[in-house]
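See structure below.
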Amino acid sequence: MECWSHGVMGKTSKAGSSAVSAPILQHSFTPAVLDAMIAVFNSARIAESRLKAEYILSRALNCHRMELPLQRDRELTREQAEQVAAQIERLIAGEPVQYVLGDTEFMGRVFKTDARALIPRPETETLVEHVLACKDVWSSPSPAVADVGTGTGCIVVTLALERPSGKFLAIDASPAALELARENAA
């Protein structure tokens with residue numbers, strides 16, 4: 001396995017990588033990469049630097065964030081290191097981590113998330129829980145529910161999956177957001 005690191009293969013960082021992400025590419029083992037990412041995020045004043053670093057690194061390693069401690073001896077491949085470096089650059093440029101990763105969790109489901117729509121907020125989960133608990137809505141044999149300004153479609157998709165007897169309508173002024181909602185509904 002070819003690794004992309006200074007110490008293991010004698011290579012330096014990827015040609016053209018910025019001075020910000022270059023220190024990340026100097027490491028290959030998971031703990032060192034994680035520590036370097038956190039240091040870069042802290043110096044860039046990125047909030048929740050450890051959490052965001054763990055999300056990015058676990059995605060590159062194709063494991064759950066909580067499994068990172070079990071990956072101590074794992075080395076990043078060149079492709080993984082390049083992916084991590086690109087995601088670091090996007091985060092430092094101010095892009096939300098959900099857009100960088102391409103998805104977010106909402107009520108236990110994963111929804112594709114990008115700049116076509118706003119990121120679902122945790123408070124929206126509370127709204128959906130209240131709607132699901134509303135007996136007046138669901139007492140009808142075929143209740144009708146409209147999600148105006150659907151964005152990612154997380155509300156209407158979740159409601160439709162939880163209450164399949166309903167009829168659901170998702171509308172948005174943005175054609176791009178509607179396309180994202182369609183992708184999430186598929």
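To be explicit about the labels: the chains of the structure tokens are called A, B, and onward in the order shown, and within each one the residues are counted from 1, while ligands get numbers from 1 in the order they are shown.
Look at Met107 of chain A: the protein and nucleic acid residues within 12 Å of it, using only C-alpha atoms and passing over chain neighbours fewer than 6 places away, are Pro120, Arg121, Pro122, Glu123, Thr124, Glu125, Thr126, Leu127, Val128, Glu129, Cys154, Ile155, Val157, Thr158, Leu159, Leu161 and Glu162 of chain A.
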For Ala160 of chain A: contacts at 12 Å, only C-alpha atoms, fewer than 3 positions along chain excluded, given as a PDB file with N, CA and C atoms, in the first residue's frame:
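Saved result, out_2.pdb, follows:
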ATOM      1  N   VAL A 128     -40.668  18.142  13.532  1.00  0.00           N
ATOM      2  CA  VAL A 128     -41.146  16.894  12.929  1.00  0.00           C
ATOM      3  C   VAL A 128     -41.687  15.955  14.011  1.00  0.00           C
ATOM      4  N   VAL A 131     -45.139  17.162  14.838  1.00  0.00           N
ATOM      5  CA  VAL A 131     -46.092  16.835  13.766  1.00  0.00           C
ATOM      6  C   VAL A 131     -46.441  15.352  13.816  1.00  0.00           C
ATOM      7  N   LEU A 132     -45.446  14.502  14.013  1.00  0.00           N
ATOM      8  CA  LEU A 132     -45.704  13.068  14.098  1.00  0.00           C
ATOM      9  C   LEU A 132     -46.581  12.710  15.301  1.00  0.00           C
ATOM     10  N   TRP A 138     -53.036  12.789  11.975  1.00  0.00           N
ATOM     11  CA  TRP A 138     -52.893  11.409  11.528  1.00  0.00           C
ATOM     12  C   TRP A 138     -54.139  10.560  11.757  1.00  0.00           C
ATOM     13  N   SER A 142     -56.163   9.366   5.142  1.00  0.00           N
ATOM     14  CA  SER A 142     -55.143   9.794   4.181  1.00  0.00           C
ATOM     15  C   SER A 142     -54.864  11.280   4.359  1.00  0.00           C
ATOM     16  N   PRO A 143     -54.138  11.641   5.418  1.00  0.00           N
ATOM     17  CA  PRO A 143     -53.885  13.055   5.684  1.00  0.00           C
ATOM     18  C   PRO A 143     -52.998  13.685   4.608  1.00  0.00           C
ATOM     19  N   ALA A 144     -53.227  14.972   4.380  1.00  0.00           N
ATOM     20  CA  ALA A 144     -52.426  15.715   3.407  1.00  0.00           C
ATOM     21  C   ALA A 144     -51.490  16.662   4.152  1.00  0.00           C
ATOM     22  N   VAL A 145     -50.221  16.628   3.772  1.00  0.00           N
ATOM     23  CA  VAL A 145     -49.214  17.458   4.414  1.00  0.00           C
ATOM     24  C   VAL A 145     -48.406  18.153   3.324  1.00  0.00           C
ATOM     25  N   ALA A 146     -48.222  19.470   3.477  1.00  0.00           N
ATOM     26  CA  ALA A 146     -47.405  20.237   2.538  1.00  0.00           C
ATOM     27  C   ALA A 146     -46.179  20.772   3.273  1.00  0.00           C
ATOM     28  N   ASP A 147     -45.035  20.639   2.620  1.00  0.00           N
ATOM     29  CA  ASP A 147     -43.781  21.172   3.147  1.00  0.00           C
ATOM     30  C   ASP A 147     -43.397  22.338   2.239  1.00  0.00           C
ATOM     31  N   GLY A 153     -35.582  18.548   1.746  1.00  0.00           N
ATOM     32  CA  GLY A 153     -36.685  17.590   1.758  1.00  0.00           C
ATOM     33  C   GLY A 153     -36.708  16.732   3.006  1.00  0.00           C
ATOM     34  N   CYS A 154     -35.869  17.036   3.977  1.00  0.00           N
ATOM     35  CA  CYS A 154     -35.761  16.178   5.160  1.00  0.00           C
ATOM     36  C   CYS A 154     -37.079  16.079   5.930  1.00  0.00           C
ATOM     37  N   ILE A 155     -37.842  17.170   5.972  1.00  0.00           N
ATOM     38  CA  ILE A 155     -39.104  17.132   6.711  1.00  0.00           C
ATOM     39  C   ILE A 155     -40.102  16.221   6.017  1.00  0.00           C
ATOM     40  N   VAL A 156     -40.368  16.486   4.752  1.00  0.00           N
ATOM     41  CA  VAL A 156     -41.386  15.730   4.033  1.00  0.00           C
ATOM     42  C   VAL A 156     -40.979  14.272   3.840  1.00  0.00           C
ATOM     43  N   VAL A 157     -39.710  14.011   3.596  1.00  0.00           N
ATOM     44  CA  VAL A 157     -39.260  12.623   3.433  1.00  0.00           C
ATOM     45  C   VAL A 157     -39.417  11.864   4.745  1.00  0.00           C
ATOM     46  N   ARG A 163     -45.101   8.018   8.232  1.00  0.00           N
ATOM     47  CA  ARG A 163     -46.556   7.927   8.066  1.00  0.00           C
ATOM     48  C   ARG A 163     -46.891   7.705   6.579  1.00  0.00           C
ATOM     49  N   PRO A 164     -46.640   6.522   6.074  1.00  0.00           N
ATOM     50  CA  PRO A 164     -46.808   6.262   4.641  1.00  0.00           C
ATOM     51  C   PRO A 164     -48.243   6.377   4.131  1.00  0.00           C
ATOM     52  N   SER A 165     -49.229   6.441   5.008  1.00  0.00           N
ATOM     53  CA  SER A 165     -50.619   6.564   4.564  1.00  0.00           C
ATOM     54  C   SER A 165     -50.958   7.981   4.108  1.00  0.00           C
ATOM     55  N   GLY A 166     -50.095   8.926   4.379  1.00  0.00           N
ATOM     56  CA  GLY A 166     -50.372  10.318   4.036  1.00  0.00           C
ATOM     57  C   GLY A 166     -50.083  10.649   2.585  1.00  0.00           C
ATOM     58  N   LYS A 167     -50.565  11.827   2.203  1.00  0.00           N
ATOM     59  CA  LYS A 167     -50.260  12.396   0.887  1.00  0.00           C
ATOM     60  C   LYS A 167     -49.381  13.612   1.158  1.00  0.00           C
ATOM     61  N   PHE A 168     -48.264  13.685   0.474  1.00  0.00           N
ATOM     62  CA  PHE A 168     -47.263  14.696   0.793  1.00  0.00           C
ATOM     63  C   PHE A 168     -46.923  15.529  -0.425  1.00  0.00           C
ATOM     64  N   LEU A 169     -46.768  16.819  -0.187  1.00  0.00           N
ATOM     65  CA  LEU A 169     -46.402  17.764  -1.229  1.00  0.00           C
ATOM     66  C   LEU A 169     -45.199  18.561  -0.738  1.00  0.00           C
ATOM     67  N   ALA A 170     -44.164  18.630  -1.562  1.00  0.00           N
ATOM     68  CA  ALA A 170     -42.982  19.424  -1.236  1.00  0.00           C
ATOM     69  C   ALA A 170     -42.849  20.516  -2.292  1.00  0.00           C
ATOM     70  N   ALA A 185     -35.386  12.032  -1.725  1.00  0.00           N
ATOM     71  CA  ALA A 185     -36.589  11.210  -1.669  1.00  0.00           C
ATOM     72  C   ALA A 185     -36.405   9.878  -2.409  1.00  0.00           C
TER      73      ALA A 185
END
Open item on the list: If I take atom CA of Glu89 of chain A and atom CA of Leu57 of chain A, how far is one from the other in Å, to one decimal?
Closed with: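 The value is 13.7 Å.
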- [ ] Please return as a ChimeraX atom specification: the residues of segment 89-171 of chain A that backbone DSSP assigns to strand (DSSP E or B).
- [x] /A:103-106,109-112,144-148,167-171
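Take the candidates A:Thr30, A:Gln83, A:Thr150, A:Thr77 and check each one against Glu179 of chain A using only C-alpha atoms; the shortest distance goes to A:Thr150.
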Open item on the list: To one decimal place in Å, what is the distance between atom CA of Lys52 of chain A and atom CA of Tyr99 of chain A?
Closed with: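 Separation of atom CA of Lys52 of chain A and atom CA of Tyr99 of chain A: 12.0 Å.
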List every residue of chain A that DSSP, applied to the backbone of this structure, places in alpha helix (DSSP H), and write the result as a compact mmCIF listing (two decimals) with N, CA and C atoms, in the first residue's frame.
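Contents of selection.txt, as written:
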# COMPACT_ATOMS: atom_id res chain seq x y z
N HIS A 6 5.36 12.05 4.69
CA HIS A 6 6.78 12.39 4.64
C HIS A 6 7.62 11.28 5.25
N GLY A 7 7.19 10.77 6.40
CA GLY A 7 8.02 9.83 7.13
C GLY A 7 8.04 8.43 6.55
N VAL A 8 6.97 7.97 5.93
CA VAL A 8 6.90 6.59 5.48
C VAL A 8 7.48 6.39 4.09
N MET A 9 7.09 7.23 3.15
CA MET A 9 7.52 7.04 1.77
C MET A 9 8.55 8.08 1.31
N THR A 30 -3.29 7.66 11.68
CA THR A 30 -4.52 8.33 12.07
C THR A 30 -4.38 9.29 13.25
N PRO A 31 -3.79 8.93 14.37
CA PRO A 31 -3.71 9.88 15.50
C PRO A 31 -2.93 11.14 15.14
N ALA A 32 -1.84 11.01 14.42
CA ALA A 32 -1.04 12.17 14.04
C ALA A 32 -1.80 13.07 13.07
N VAL A 33 -2.52 12.46 12.15
CA VAL A 33 -3.32 13.25 11.20
C VAL A 33 -4.41 14.00 11.95
N LEU A 34 -5.09 13.33 12.85
CA LEU A 34 -6.16 13.95 13.62
C LEU A 34 -5.61 15.13 14.43
N ASP A 35 -4.50 14.93 15.11
CA ASP A 35 -3.90 16.01 15.90
C ASP A 35 -3.51 17.19 15.02
N ALA A 36 -2.94 16.91 13.85
CA ALA A 36 -2.54 17.98 12.92
C ALA A 36 -3.76 18.73 12.40
N MET A 37 -4.84 18.00 12.10
CA MET A 37 -6.06 18.65 11.64
C MET A 37 -6.63 19.58 12.72
N ILE A 38 -6.67 19.10 13.93
CA ILE A 38 -7.20 19.91 15.03
C ILE A 38 -6.37 21.17 15.20
N ALA A 39 -5.05 21.04 15.10
CA ALA A 39 -4.17 22.21 15.23
C ALA A 39 -4.43 23.21 14.11
N VAL A 40 -4.59 22.72 12.89
CA VAL A 40 -4.88 23.62 11.76
C VAL A 40 -6.22 24.31 11.97
N PHE A 41 -7.23 23.56 12.38
CA PHE A 41 -8.56 24.15 12.59
C PHE A 41 -8.53 25.17 13.73
N ASN A 42 -7.82 24.83 14.80
CA ASN A 42 -7.72 25.78 15.91
C ASN A 42 -7.04 27.07 15.47
N SER A 43 -5.97 26.95 14.69
CA SER A 43 -5.27 28.16 14.24
C SER A 43 -6.13 28.97 13.28
N SER A 49 -13.43 22.21 16.50
CA SER A 49 -12.36 21.70 15.63
C SER A 49 -12.18 20.18 15.75
N ARG A 50 -12.21 19.65 16.95
CA ARG A 50 -12.02 18.19 17.10
C ARG A 50 -13.16 17.44 16.42
N LEU A 51 -14.37 17.84 16.67
CA LEU A 51 -15.53 17.16 16.08
C LEU A 51 -15.46 17.18 14.56
N LYS A 52 -15.18 18.34 13.99
CA LYS A 52 -15.12 18.45 12.53
C LYS A 52 -13.96 17.65 11.96
N ALA A 53 -12.83 17.65 12.65
CA ALA A 53 -11.69 16.84 12.20
C ALA A 53 -12.04 15.36 12.24
N GLU A 54 -12.73 14.94 13.29
CA GLU A 54 -13.12 13.53 13.40
C GLU A 54 -14.10 13.14 12.29
N TYR A 55 -15.05 14.01 11.98
CA TYR A 55 -15.99 13.71 10.89
C TYR A 55 -15.25 13.55 9.57
N ILE A 56 -14.37 14.47 9.27
CA ILE A 56 -13.64 14.42 7.99
C ILE A 56 -12.74 13.19 7.92
N LEU A 57 -11.99 12.93 8.99
CA LEU A 57 -11.07 11.80 8.97
C LEU A 57 -11.82 10.47 8.94
N SER A 58 -12.88 10.35 9.71
CA SER A 58 -13.63 9.09 9.70
C SER A 58 -14.27 8.83 8.34
N ARG A 59 -14.69 9.88 7.67
CA ARG A 59 -15.25 9.71 6.33
C ARG A 59 -14.18 9.21 5.37
N ALA A 60 -12.98 9.76 5.47
CA ALA A 60 -11.89 9.33 4.59
C ALA A 60 -11.52 7.87 4.85
N LEU A 61 -11.59 7.46 6.12
CA LEU A 61 -11.23 6.09 6.49
C LEU A 61 -12.41 5.12 6.38
N ARG A 78 -2.63 7.73 -0.34
CA ARG A 78 -2.45 9.01 -1.04
C ARG A 78 -3.81 9.64 -1.36
N GLU A 79 -4.73 8.82 -1.85
CA GLU A 79 -6.06 9.33 -2.20
C GLU A 79 -6.80 9.85 -0.97
N GLN A 80 -6.70 9.13 0.13
CA GLN A 80 -7.35 9.58 1.36
C GLN A 80 -6.75 10.88 1.85
N ALA A 81 -5.44 10.99 1.80
CA ALA A 81 -4.77 12.22 2.24
C ALA A 81 -5.17 13.40 1.36
N GLU A 82 -5.26 13.18 0.06
CA GLU A 82 -5.68 14.25 -0.84
C GLU A 82 -7.13 14.66 -0.57
N GLN A 83 -7.99 13.68 -0.30
CA GLN A 83 -9.39 13.98 0.04
C GLN A 83 -9.46 14.81 1.31
N VAL A 84 -8.73 14.41 2.33
CA VAL A 84 -8.73 15.13 3.60
C VAL A 84 -8.22 16.55 3.39
N ALA A 85 -7.13 16.70 2.64
CA ALA A 85 -6.55 18.02 2.40
C ALA A 85 -7.56 18.93 1.68
N ALA A 86 -8.26 18.40 0.69
CA ALA A 86 -9.25 19.19 -0.05
C ALA A 86 -10.40 19.61 0.88
N GLN A 87 -10.83 18.71 1.74
CA GLN A 87 -11.93 19.03 2.66
C GLN A 87 -11.50 20.04 3.70
N ILE A 88 -10.26 19.96 4.15
CA ILE A 88 -9.73 20.95 5.09
C ILE A 88 -9.77 22.34 4.45
N GLU A 89 -9.34 22.43 3.21
CA GLU A 89 -9.33 23.72 2.51
C GLU A 89 -10.74 24.30 2.42
N ARG A 90 -11.70 23.47 2.10
CA ARG A 90 -13.08 23.94 2.00
C ARG A 90 -13.60 24.43 3.34
N LEU A 91 -13.29 23.70 4.41
CA LEU A 91 -13.75 24.09 5.74
C LEU A 91 -13.10 25.41 6.16
N ILE A 92 -11.82 25.54 5.92
CA ILE A 92 -11.12 26.77 6.27
C ILE A 92 -11.64 27.95 5.46
N VAL A 97 -19.34 22.16 7.44
CA VAL A 97 -18.87 20.78 7.39
C VAL A 97 -19.88 19.86 6.71
N GLN A 98 -21.17 20.16 6.84
CA GLN A 98 -22.19 19.33 6.19
C GLN A 98 -22.06 19.41 4.67
N TYR A 99 -21.75 20.58 4.13
CA TYR A 99 -21.54 20.72 2.69
C TYR A 99 -20.25 20.04 2.29
N VAL A 100 -19.22 20.17 3.10
CA VAL A 100 -17.93 19.55 2.81
C VAL A 100 -18.09 18.03 2.74
N LEU A 101 -18.82 17.46 3.68
CA LEU A 101 -19.03 16.01 3.70
C LEU A 101 -20.09 15.56 2.69
N PRO A 122 -31.20 21.24 14.08
CA PRO A 122 -31.70 20.32 15.11
C PRO A 122 -33.12 20.67 15.57
N GLU A 123 -33.44 21.96 15.59
CA GLU A 123 -34.79 22.38 16.01
C GLU A 123 -35.86 21.86 15.06
N THR A 124 -35.48 21.62 13.82
CA THR A 124 -36.43 21.10 12.85
C THR A 124 -36.82 19.66 13.20
N GLU A 125 -35.92 18.93 13.80
CA GLU A 125 -36.26 17.59 14.27
C GLU A 125 -37.37 17.66 15.31
N THR A 126 -37.31 18.64 16.19
CA THR A 126 -38.36 18.82 17.19
C THR A 126 -39.70 19.11 16.52
N LEU A 127 -39.67 19.95 15.50
CA LEU A 127 -40.90 20.24 14.74
C LEU A 127 -41.49 18.96 14.16
N VAL A 128 -40.67 18.14 13.53
CA VAL A 128 -41.15 16.89 12.93
C VAL A 128 -41.69 15.96 14.01
N GLU A 129 -41.03 15.88 15.14
CA GLU A 129 -41.53 15.05 16.24
C GLU A 129 -42.91 15.51 16.69
N HIS A 130 -43.13 16.84 16.76
CA HIS A 130 -44.44 17.37 17.15
C HIS A 130 -45.49 17.04 16.10
N VAL A 131 -45.14 17.16 14.84
CA VAL A 131 -46.09 16.83 13.77
C VAL A 131 -46.44 15.35 13.82
N LEU A 132 -45.45 14.50 14.01
CA LEU A 132 -45.70 13.07 14.10
C LEU A 132 -46.58 12.71 15.30
N ALA A 133 -46.48 13.48 16.36
CA ALA A 133 -47.26 13.22 17.57
C ALA A 133 -48.66 13.83 17.52
N LYS A 135 -52.13 13.88 16.86
CA LYS A 135 -53.15 12.87 16.55
C LYS A 135 -54.22 13.39 15.60
N ASP A 136 -54.53 14.68 15.67
CA ASP A 136 -55.55 15.24 14.78
C ASP A 136 -55.14 15.11 13.31
N VAL A 137 -53.87 15.28 13.03
CA VAL A 137 -53.38 15.17 11.65
C VAL A 137 -53.46 13.74 11.16
N TRP A 138 -53.04 12.79 11.98
CA TRP A 138 -52.89 11.41 11.53
C TRP A 138 -54.14 10.56 11.76
N CYS A 154 -35.87 17.04 3.98
CA CYS A 154 -35.76 16.18 5.16
C CYS A 154 -37.08 16.08 5.93
N ILE A 155 -37.84 17.17 5.97
CA ILE A 155 -39.10 17.13 6.71
C ILE A 155 -40.10 16.22 6.02
N VAL A 156 -40.37 16.49 4.75
CA VAL A 156 -41.39 15.73 4.03
C VAL A 156 -40.98 14.27 3.84
N VAL A 157 -39.71 14.01 3.60
CA VAL A 157 -39.26 12.62 3.43
C VAL A 157 -39.42 11.86 4.75
N THR A 158 -39.03 12.47 5.84
CA THR A 158 -39.16 11.82 7.15
C THR A 158 -40.62 11.55 7.48
N LEU A 159 -41.47 12.55 7.26
CA LEU A 159 -42.90 12.36 7.52
C LEU A 159 -43.47 11.25 6.65
N ALA A 160 -43.10 11.23 5.38
CA ALA A 160 -43.62 10.20 4.47
C ALA A 160 -43.15 8.80 4.86
N LEU A 161 -41.93 8.70 5.34
CA LEU A 161 -41.43 7.39 5.76
C LEU A 161 -42.07 6.94 7.07
N GLU A 162 -42.34 7.90 7.96
CA GLU A 162 -42.94 7.57 9.25
C GLU A 162 -44.45 7.35 9.15
N PRO A 175 -35.59 25.85 -7.88
CA PRO A 175 -35.56 24.58 -8.61
C PRO A 175 -34.40 23.68 -8.17
N ALA A 176 -33.27 24.29 -7.81
CA ALA A 176 -32.12 23.51 -7.36
C ALA A 176 -32.43 22.80 -6.04
N ALA A 177 -33.11 23.49 -5.14
CA ALA A 177 -33.49 22.87 -3.87
C ALA A 177 -34.47 21.74 -4.10
N LEU A 178 -35.41 21.93 -5.02
CA LEU A 178 -36.36 20.86 -5.33
C LEU A 178 -35.64 19.63 -5.89
N GLU A 179 -34.63 19.87 -6.70
CA GLU A 179 -33.86 18.74 -7.25
C GLU A 179 -33.15 17.99 -6.11
N LEU A 180 -32.60 18.73 -5.16
CA LEU A 180 -31.96 18.10 -4.01
C LEU A 180 -32.98 17.30 -3.21
N ALA A 181 -34.16 17.85 -3.00
CA ALA A 181 -35.21 17.13 -2.28
C ALA A 181 -35.60 15.86 -3.02
N ARG A 182 -35.68 15.93 -4.34
CA ARG A 182 -35.99 14.74 -5.14
C ARG A 182 -34.90 13.67 -4.95
N GLU A 183 -33.66 14.10 -4.96
CA GLU A 183 -32.54 13.16 -4.76
C GLU A 183 -32.65 12.50 -3.39
N ASN A 184 -33.03 13.27 -2.38
CA ASN A 184 -33.16 12.71 -1.04
C ASN A 184 -34.38 11.80 -0.91
N ALA A 185 -35.39 12.03 -1.72
CA ALA A 185 -36.59 11.21 -1.67
C ALA A 185 -36.41 9.88 -2.41
Task: d(atom CA of Ile119 of chain A, atom CA of Ala186 of chain A) in Å - done: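 Taking atom CA of Ile119 of chain A and atom CA of Ala186 of chain A, their separation equals 18.7 Å.
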